[in-house]
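Worksheet for the structure shown next.
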Amino acid sequence: MNPAVPTVAPGDTLSDAQALALATCDDLAGLMQAASGLRDAGFGNGVTYSRKIFIPLTRLCRDVCHYCTFATAPKRVESPYMSLDEVVALAREGQRLGCKEALFTLGEKPELRYRAAREALGAMGYATTLEYLRDAANAVFEQTGLLPHMNPGTLTPEECAMLREVSPSMGIMLESAAPRLCEKGMPHHGSPDKQPAVRLETLRNAGRARIPFTTGILIGIGETRRERIESLLAIRALHAEYGHIQEIIVQNFRAKPGTRMHAAPEPALDDMLWTIAVARLVFGADMSIQAPPNLSPGALPELVAAGINDWGGVSPLTPDHVNPEAPWPHLEQLAADTYAAGKHLHERLTIYPAYVRDATTWVDARFATPLLQMTDADGYPRTDDWSPGEDLPPPPAVLDAIGTVPRHVSADVQTILARVEQGELLDDADIERLFRARGDDFSAVCRAADGLRAASNGEVVSFVVNRNINYTNVCYFKCQFCAFSKGKLSENLRGRPYDLEAGEIQRRVREAWERGATEVCMQGGIHPQYTGHTYLEILDTVKAAAPEMHIHAFSPLEVWQGAKTAGLSLEDYLRELKAAGLGTLPGTAAEVLDDEVRATLCPDKINTAEWLEVMRAAHTVGFHTTATIMYGHVDRPIHWARHLRRIRDLQRETGGFTEFVPLPFVHMEAPLYLKGRARRGPTFREAVLMHAVARLVLHPHIRNIQTSWVKMGHAGVVACLNAGANDLGGTLMNESITRAAGAGHGQETSPERMLDMIAAAGRVPRQRTTAYGEVAAERIEAARGAPALTDIVNTPATKYERRERRPLVRSQTSRVEAG
C-alpha cells in the first residue's frame with residue numbers, strides 16, 4: 001500500500017506513526033512538493049551557507065568505520081596532531097578570505113587506541129585530545145576572531161561543559177539509530193563510538209549543556225527507509241526536550257577507494273531527494289535541513305526542490321577532508337546555481353540566527369558581544385564594513401539589488417505587497433516579514449516602495465535649509481545610546497559640557513537667517529536646572545533675533561518634562577509653547593516605540609505610551625510633528641514592525657505627522673556599544689529596508705519619508721531615494737548629536753550639494769519650508785553661495801546639578817529621583 005502524502009501546515013507536527021508511515025510512500029513528486037512548500041513557509045526565498053575553513057586537528061581515530069578515508073593510522077601521517085602554530089596560521093588565512101567559521105574535525109579519542117597519540121599529547125602537556133582541542137579552538141578565536149565549530153565525537157557532560165567555553169556550536173552526526181549497523185559485517189562494526197545509544201547520549205548531554213548542535217543521518221550504508229525515519233524521530237524527540245538542534249544534515253554515502261565499502265552502491269539521487277523531503281516533513285517548517293552541495297554535483301536544483309534550505313559549510317580555502325574526492329563548489333557558482341533553483345544564497349554563521357538572537361541562553365558569555373557585533377538584526381552575519389555615519393561607500397551588491405527586476409519573489413511577500421497595493425493595513429507579522437526580505441524579496445520590496453513614492457510624490461525630492469541648535473548637552477537621563485549628553489560620568493566622551501547663553505543662541509539664529517535658513521531645529525539634553533519656563537525663554541530668545549524664523553523644537557521628552565515641571569497638563573503647556581512662537585515639534589526621543597527595547601536602551605526615559613500621549617496632545621492643539629525611529633542596536637524586526645504600526649495608527653487618528661524619519665544608530669562612541677551590548681548599527685540592507693517598509697506601511701497616511709545624509713552618507717541617501725524616500729531633510733549647519741556618536745559625514749550639506757544628490761538620483765529638487773510649503777525667492781537666493789559658518793561658542797556648563805532641591809521628573813515607569 002502506498003500511503004498518501006500527509007498535509008503538514010507550518011507549525012504542525014507529524015505524529016511518530018504518521019512519520020513512520022512515510023517509509024512506504026513512493027510518491028516522490030508529492031513528497032517534494034509538500035516539503036518545498038513547508039520549507040518556503042519557514043525560510044522564504046533563502047538558502048544559507050557558512051563560509052568556513054576546515055581544520056583537521058588529528059586524523060587518528062579509534063573507530064574503524066568501513067566507509068571512511070579520513071581516519072588514518074599513525075604511520076601514514078607526518079604528525080599525529082596539527083601544531084597550534086599550524087592551526088592558527090590556517091585560521092589567519094581563512095580570516096583573510098572572509099571566513100567566519102573554523103570547523104574542527106578530528107577522529108574519536110585516538111589516545112585510547114594509539115601510543116603515538118598519547119605520546120604526542122603528553123609532549124604538548126595534554127592528557128586527552130579534547131583538552132588539546134579546547135586550547136586549539138581558544139587560540140583560533142582569540143587570535144583571529146573566527147568562530148570555532150567542532151565535531152569532537154562523543155562527549156560526557158563534563159566534556160560538553162569544557163568545550164562550550166571555547167566553541168559557540170558543535171556537532172555530531174548520529175548517522176543512524178539502527179543498532180544492527182554495528183553488527184559484524186556492517187559498516188559500524190568495531191567502532192564503539194558509533195553505537196546509537198552512545199551518540200544519542202551525546203546529543204542529550206549537549207542539550208542539557210545548552211549547546212547549539214548539528215546532527216543528521218548518513219544514507220546508503222545499509223539502513224532501511226524506516227530506519228532513517230526512526231533516526232530522525234530519535235533526534236526530534238531530543239530537540240523537543242532541549243531545543244538545541246539547529247540543523248539536520250542529510251548526507252549521502254560516497255564509495256571511496258581503499259575502504260571496505262569501495263564497491264558498495266551509492267544511493268540514487270531519487271533516494272536522496274526522498275530522504276530530504278521526509279526529513280522536512282518530520283521536522284517541519286522551522287528546522288534547517290542541509291545537504292552538502294559537493295556530494296551531489298549537478299543536482300543542486302533538485303536538492304532545493306526537495307526541501308533543503310542550507311548548503312552547510314563551504315570553504316574558499318581548504319578541501320573537504322572527509323570527502324576529499326568531492327571538491328567544494330566555487331561560491332560564485334553556488335550562488336548562481338542556487339538562484340537558478342529560485343533561491344537567494346546568503347551567508348550565516350556556524351551558530352544559527354535563532355540561537356544568536358538568544359545568545360545569553362545558548363553560548364558562553366565570552367561570545368555574546370562578538371556575536372552581537374558581527375551580526376544583523378536577524379542574527380545573520382554582516383558581510384561588508386558599512387555602518388551608519390562611517391565614511392565608507394555602500395556595498396555594491398545592495399545598491400545593485402535596489403534596482404534589480406526580481407524573478408524569484410517569495411509567495412508570502414508577493415501576497416503582502418499585493419495587499420499594500422489594494423490599500424489594506426498590514427499587521428505586525430506582515431511588517432516583520434518585509435523587514436526580513438533578502439535577495440529578490442528585497443528588490444521587490446524596494447520596487448514596490450518606489451512605486452508608491454512615485455504615485456504619492458512624483459519625481460520631486462524636497463529639502464529644507466535649516467540650522468541645528470543644541471542648546472545644552474547636559475542631561476540627567478541615562479540613555480545608553482547617547483554619546484551627546486554630558487554629566488558627571490560622561491566627560492570622557494566627545495566634547496565638554498555646555499549650556500548656551502542667550503546671546504550665542506541669538507547669534508546662531510541671525511547667522512542662519514542671513515545664510516537663507518527658514519527653520520531652526522532646536523533640541524538639547526534635559527538639564528537638571530531646566531523647567532517648563534526654560535523652553536518658553538528659548539522661544540522668546542529666538543523670536544527676538546529673527547521674528548520670521550520657523551522654530552521646529554523640543555522633543556516629546558522635553559515637552560513632557562516641561563509640562564511636569566510647570567505643573568500643567570500636556571495640552572495646556574503645548575498651548576503656551578504655541579503662543580510663545582513654537583511652530584512644529586520634532587518626533588525624536590521615540591527611539592523604538594517598544595518598551596521591551598526601551599528597558600535596555602533608555603530605561604528612565606518616557607515610555608511608549610507617554611511618547612504617543614505627547615504626540616496626540618500636540619496634534620490635538622494644532623501642531624504638526626515629525627515621527628522618527630532610531631534603530632539598529634538591540635532591537636529586532638518585530639520591534640520595528642510594532643513601531644511603524646503604532647505611528648500609523650496614531651496618524652490615522654490625528655493626521656498630525658508630516659513625515660517619517662528613519663535614524664540609523666551610529667555606534668562608534670555610543671556607551672551601549674562601547675559596553676559590548678549593541679550592534680554596529682543596521683546593515684545597509686536594513687537601512688534601505690527601513691525607508692522602503694515605512695513607505696509601504698505608512699502609505700497613504702504619511703506622505704513623506706525622509707532619509708538622513710548625516711547617518712546614511714550622500715551615496716546612501718541617493719540609494720534610499722530609489723527605495724521609497726522623497727525628502728532629504730535639512731542642510732543642518734552645525735549637526736552635533738550624530739557627530740558626537742562618531743559619524744564622519746560632516747556638519748552641513750549645502751543647498752548646492754543637496755541639488756547634486758537629487759540630480760544623481762534623477763529627480764527634481766524642491767526647497768521647502770518645515771511644513772512642506774513654498775519658500776520665498778529671497779530665501780532661496782540667500783541660501784545659494786552662503787558664506788562659511790563662523791566658529792560656534794559652546795558656553796561651558798558651570799554646574800550640572802539643580803540649584804533647588806526639587807525632584808527630577810522621570811517616566812512613571814521609572815523611579816523619581818529626589819534631591
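To be explicit about the labels: the chains of the C-alpha cells are called A, B, and onward in the order shown, and within each one the residues are counted from 1, while ligands get numbers from 1 in the order they are shown.
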Find the residues of range 671-718 of chain A that sit at most 12 Å from range 591-610 of chain A; for each, write down the nearest two atoms and how far apart they are in Å, to one decimal. Count only C-alpha atoms. Sort by chain, then by number going up, and give it as a Markdown table.
| residue | atom | partner | partner_atom | distance |
| --- | --- | --- | --- | --- |
| A:Pro671 | CA | A:Leu601 | CA | 10.2 |
| A:Leu672 | CA | A:Leu601 | CA | 7.9 |
| A:Tyr673 | CA | A:Leu601 | CA | 10.9 |
| A:Arg677 | CA | A:Thr600 | CA | 9.3 |
| A:Ala678 | CA | A:Leu601 | CA | 9.4 |
With N, CA, C and O atoms retained, write the just-selected residues as a short mmCIF file (atom, residue, chain, number, x, y, z; two decimals), in the first residue's frame.
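Here's the written file selection.cif:
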data_model
loop_
_atom_site.label_atom_id
_atom_site.label_comp_id
_atom_site.auth_asym_id
_atom_site.auth_seq_id
_atom_site.Cartn_x
_atom_site.Cartn_y
_atom_site.Cartn_z
N PRO A 671 27.65 54.69 24.33
CA PRO A 671 28.00 53.90 25.52
C PRO A 671 27.58 52.44 25.44
O PRO A 671 28.34 51.56 25.85
N LEU A 672 26.38 52.18 24.94
CA LEU A 672 25.89 50.81 24.88
C LEU A 672 26.79 49.94 24.00
O LEU A 672 27.05 48.78 24.32
N TYR A 673 27.27 50.50 22.89
CA TYR A 673 28.19 49.75 22.03
C TYR A 673 29.54 49.56 22.71
O TYR A 673 30.12 48.47 22.67
N ARG A 677 27.20 45.86 24.26
CA ARG A 677 25.81 45.42 24.38
C ARG A 677 24.95 45.90 23.21
O ARG A 677 23.72 45.88 23.31
N ALA A 678 25.56 46.33 22.11
CA ALA A 678 24.78 46.79 20.96
C ALA A 678 25.47 46.38 19.68
O ALA A 678 26.69 46.17 19.64
#
* Residues near range 265-281 of chain A, cut-off 6 Å, only C-alpha atoms, skip fewer than 3 positions along chain, as a ChimeraX atom specification -> /A:31-32,35,220,253-254,284,306-307
* Which of these, A:Val793, A:Ala546, A:Leu133, A:Ala178, has the shortest distance to Val166 in chain A once you count only C-alpha atoms? ->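 With only C-alpha atoms as the atom set, the closest residue is A:Leu133.
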* Asked: When DSSP works through the backbone of this structure, what residues of range 504-573 of chain A end up as alpha helix (DSSP H), shown as a PyMOL selection string?
  -> chain A and resi 504-514+532-545+556-566+570-573
* Return as JSON, numbers by chain the full set of residues in range 91-287 of chain A whose backbone-based DSSP assignment is strand (DSSP E or B). => {"A": [101, 102, 103, 104, 105, 106, 147, 148, 149, 150, 151, 169, 170, 171, 175, 213, 214, 215, 216, 217, 218, 219, 245, 246, 247, 248, 249, 250, 251, 252]}
* How many Å lie between CA of Pro787 in chain A and CA of Asn726 in chain A, rounded to one decimal? ->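 Atom-to-atom, CA of Pro787 in chain A to CA of Asn726 in chain A, that is 27.9 Å.
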* To do: Using only C-alpha atoms, determine which residues lie at most 7 Å from range 451-461 of chain A, disregarding the query and same-chain residues fewer than 2 positions distant; provide the list as a list of chain:residue names.
  => A:Arg447, A:Ala448, A:Ala449, A:Arg703, A:Gly724, A:Ala725, A:Asn726, A:Asp727, A:Ile758, A:Arg763, A:Val764, A:Pro765, A:Arg766
* To do: Tell me, as an MDAnalysis selection string, which residues lie within 9 Å of His262 in chain A, counting only C-alpha atoms; anything in the same chain fewer than 5 positions away does not count.
  => chainID A and resid 66:67 254:257
Could I get the residues of range 563-674 of chain A with an atom no further than 12 Å from an atom of range 693-696 of chain A, each paired with its nearest atom pair and that distance in Å to one decimal, using only C-alpha atoms, sorted by chain and residue number, as a tab-separated table?
residue	atom	partner	partner_atom	distance
A:Ala627	CA	A:Ala694	CA	11.2
A:Thr628	CA	A:Ala694	CA	10.7
A:Ile629	CA	A:Ala694	CA	10.3
A:Pro637	CA	A:Val693	CA	11.1
A:Trp640	CA	A:Ala694	CA	9.6
A:Ala641	CA	A:Val693	CA	9.1
A:Arg642	CA	A:Ala694	CA	11.6
A:His643	CA	A:Ala694	CA	10.0
A:Leu644	CA	A:Ala694	CA	6.8
A:Arg645	CA	A:Ala694	CA	9.5
A:Arg646	CA	A:Ala694	CA	11.9
A:Ile647	CA	A:Ala694	CA	10.0
A:Arg648	CA	A:Ala694	CA	9.5
A:Glu659	CA	A:Arg695	CA	10.4
A:Phe660	CA	A:Ala694	CA	7.7
A:Val661	CA	A:Ala694	CA	9.2
A:Pro662	CA	A:Ala694	CA	8.6
* Counting only C-alpha atoms, figure out which residue out of A:Ala761, A:Ile248, A:Val282, A:Val87 gets nearest to Ala21 in chain A. =>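 Looking only at the distances to Ala21 in chain A, the closest residue turns out to be A:Val282.
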* **Which of A:Ser443, A:Ala137, A:Arg210, A:Arg225 sits closest to Ser176 in chain A [using only C-alpha atoms]** => A:Arg225
* Given only C-alpha atoms as the counted atoms, nearest of A:Leu425, A:Leu295, A:Ala340, A:Ala719 to Ile402 in chain A -> A:Ala719
* To do: May I have the residues within 6 Å of range 73-83 of chain A as a list of chain:residue names, using only C-alpha atoms and disregarding those fewer than 4 positions away in the same chain?
  =>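 Contacts, in chain order: A:Leu57, A:Thr58, A:Ala117.
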Hey, could you make a per-residue contact list for range 261-360 of chain A against range 141-161 of chain A with 9 Å as the cut-off, showing the nearest pair of atoms and its distance in Å to one decimal, counting only C-alpha atoms, sorted by chain and number, as a tab-separated table?
residue	atom	partner	partner_atom	distance
A:Leu349	CA	A:Leu147	CA	8.1
A:Thr350	CA	A:His149	CA	6.4
A:Ile351	CA	A:His149	CA	8.3
Those selected residues, please, written with N, CA, C and O atoms and delivered as a PDB file, in the first residue's frame.
ATOM      1  N   LEU A 349      26.268  32.258  10.116  1.00  0.00           N
ATOM      2  CA  LEU A 349      27.371  31.866  10.976  1.00  0.00           C
ATOM      3  C   LEU A 349      27.273  30.375  11.285  1.00  0.00           C
ATOM      4  O   LEU A 349      26.292  29.707  10.948  1.00  0.00           O
ATOM      5  N   THR A 350      28.272  29.865  11.967  1.00  0.00           N
ATOM      6  CA  THR A 350      28.207  28.467  12.395  1.00  0.00           C
ATOM      7  C   THR A 350      27.077  28.253  13.393  1.00  0.00           C
ATOM      8  O   THR A 350      26.479  27.186  13.464  1.00  0.00           O
ATOM      9  N   ILE A 351      26.749  29.283  14.173  1.00  0.00           N
ATOM     10  CA  ILE A 351      25.606  29.231  15.079  1.00  0.00           C
ATOM     11  C   ILE A 351      24.437  29.901  14.376  1.00  0.00           C
ATOM     12  O   ILE A 351      24.567  30.992  13.834  1.00  0.00           O
TER      13      ILE A 351
END
* Surrounding residues of Glu576 in chain A excluding itself and chain neighbours under 3 positions, 12 Å, only C-alpha atoms, as a VMD selection string -> chain A and resid 532 to 533 535 to 537 539 to 540 559 562 to 563 566 568 to 573 579 to 583 618 621
* Please identify all polymer residues within 12 Å of Pro682 in chain A, counting only C-alpha atoms, omitting same-chain residues fewer than 6 positions from it, and present them as a ChimeraX atom specification. => /A:372-382,384-389,435,630-637,640,662-667,688-690,711-712
Writer output for current selection, N, CA and C atoms, as a tab-separated table (two decimals), in the first residue's frame:
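Output (result19.tsv):
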chain	number	residue	atom	x	y	z
A	372	LEU	N	26.99	39.61	18.76
A	372	LEU	CA	26.12	40.78	18.59
A	372	LEU	C	26.70	41.74	17.57
A	373	GLN	N	28.00	41.95	17.62
A	373	GLN	CA	28.60	42.98	16.79
A	373	GLN	C	29.02	42.49	15.41
A	374	MET	N	28.89	41.20	15.15
A	374	MET	CA	29.20	40.71	13.81
A	374	MET	C	27.94	40.29	13.05
A	375	THR	N	26.76	40.58	13.63
A	375	THR	CA	25.52	40.13	13.01
A	375	THR	C	24.55	41.29	12.79
A	376	ASP	N	23.52	41.00	12.00
A	376	ASP	CA	22.45	41.97	11.78
A	376	ASP	C	21.31	41.69	12.75
A	377	ALA	N	20.19	42.36	12.55
A	377	ALA	CA	19.08	42.26	13.50
A	377	ALA	C	18.44	40.88	13.51
A	378	ASP	N	18.65	40.09	12.46
A	378	ASP	CA	18.09	38.74	12.40
A	378	ASP	C	19.04	37.69	12.94
A	379	GLY	N	20.32	38.05	13.14
A	379	GLY	CA	21.30	37.08	13.60
A	379	GLY	C	22.14	36.50	12.48
A	380	TYR	N	22.02	37.04	11.26
A	380	TYR	CA	22.89	36.64	10.16
A	380	TYR	C	24.14	37.54	10.14
A	381	PRO	N	25.24	37.06	9.58
A	381	PRO	CA	26.48	37.86	9.64
A	381	PRO	C	26.43	39.09	8.76
A	382	ARG	N	27.07	40.13	9.23
A	382	ARG	CA	27.32	41.30	8.39
A	382	ARG	C	28.38	40.88	7.37
A	384	ASP	N	29.74	43.11	4.98
A	384	ASP	CA	30.51	44.24	4.49
A	384	ASP	C	30.84	45.12	5.68
A	385	ASP	N	31.64	46.17	5.45
A	385	ASP	CA	32.13	47.01	6.54
A	385	ASP	C	31.26	48.25	6.79
A	386	TRP	N	30.21	48.45	6.00
A	386	TRP	CA	29.42	49.67	6.12
A	386	TRP	C	28.69	49.74	7.46
A	387	SER	N	28.72	50.91	8.08
A	387	SER	CA	27.90	51.21	9.24
A	387	SER	C	27.45	52.65	9.14
A	388	PRO	N	26.30	53.01	9.69
A	388	PRO	CA	25.83	54.39	9.62
A	388	PRO	C	26.85	55.36	10.21
A	389	GLY	N	27.02	56.48	9.51
A	389	GLY	CA	27.91	57.52	10.00
A	389	GLY	C	29.35	57.36	9.60
A	435	PHE	N	10.62	43.23	6.63
A	435	PHE	CA	11.94	43.60	7.13
A	435	PHE	C	12.96	42.47	6.98
A	630	MET	N	14.91	55.36	15.80
A	630	MET	CA	16.36	55.21	15.91
A	630	MET	C	16.63	53.73	16.14
A	631	TYR	N	17.19	53.06	15.16
A	631	TYR	CA	17.17	51.60	15.10
A	631	TYR	C	18.54	51.03	14.77
A	632	GLY	N	18.71	49.74	15.09
A	632	GLY	CA	19.93	49.04	14.73
A	632	GLY	C	20.87	48.80	15.89
A	633	HIS	N	20.38	48.62	17.08
A	633	HIS	CA	21.21	48.50	18.29
A	633	HIS	C	20.92	47.19	19.02
A	634	VAL	N	19.84	47.14	19.79
A	634	VAL	CA	19.45	45.91	20.48
A	634	VAL	C	18.10	45.40	19.98
A	635	ASP	N	17.55	46.07	18.99
A	635	ASP	CA	16.20	45.79	18.51
A	635	ASP	C	16.20	44.69	17.45
A	636	ARG	N	15.00	44.23	17.14
A	636	ARG	CA	14.80	43.18	16.14
A	636	ARG	C	13.68	43.63	15.19
A	637	PRO	N	13.51	42.94	14.07
A	637	PRO	CA	12.45	43.34	13.13
A	637	PRO	C	11.06	43.42	13.73
A	640	TRP	N	10.64	46.85	15.15
A	640	TRP	CA	10.43	47.85	14.09
A	640	TRP	C	8.99	47.80	13.59
A	662	PRO	N	13.64	57.84	9.42
A	662	PRO	CA	14.48	56.77	9.96
A	662	PRO	C	15.86	57.31	10.33
A	663	LEU	N	16.30	57.02	11.53
A	663	LEU	CA	17.60	57.47	12.03
A	663	LEU	C	18.41	56.25	12.46
A	664	PRO	N	19.25	55.72	11.58
A	664	PRO	CA	20.03	54.54	11.95
A	664	PRO	C	21.02	54.84	13.07
A	665	PHE	N	21.15	53.91	13.98
A	665	PHE	CA	22.04	54.02	15.14
A	665	PHE	C	23.48	54.17	14.68
A	666	VAL	N	24.14	55.21	15.19
A	666	VAL	CA	25.57	55.43	14.94
A	666	VAL	C	26.31	54.93	16.18
A	667	HIS	N	27.13	53.92	16.00
A	667	HIS	CA	27.60	53.14	17.14
A	667	HIS	C	28.92	53.57	17.75
A	688	VAL	N	18.14	50.56	4.14
A	688	VAL	CA	17.32	50.80	2.96
A	688	VAL	C	15.91	50.26	3.20
A	689	LEU	N	15.83	49.06	3.77
A	689	LEU	CA	14.51	48.47	4.04
A	689	LEU	C	13.68	49.31	4.99
A	690	MET	N	14.32	49.97	5.96
A	690	MET	CA	13.55	50.80	6.87
A	690	MET	C	12.79	51.88	6.12
A	711	LYS	N	23.48	60.32	8.64
A	711	LYS	CA	23.63	58.91	9.01
A	711	LYS	C	24.01	58.04	7.82
A	712	MET	N	23.35	58.29	6.68
A	712	MET	CA	23.48	57.41	5.53
A	712	MET	C	24.62	57.78	4.60
* Taking into account only C-alpha atoms, which residue in the set A:Arg204, A:His239, A:Arg260, A:Arg810 is nearest to Ile526 in chain A? -> A:Arg810
* For the atom pair CA of Ala590 in chain A and CA of Val614 in chain A, what is the interatomic distance in Å to one decimal place? ->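 Here the two named atoms are 10.9 Å from each other.
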* To do: Choose the residue, out of A:Gly524, A:Pro179, A:Pro293, A:Gly46, that has the smallest atom-to-atom separation from Gly342 in chain A; count only C-alpha atoms.
  =>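 Smallest separation from Gly342 in chain A among the options: A:Gly46.
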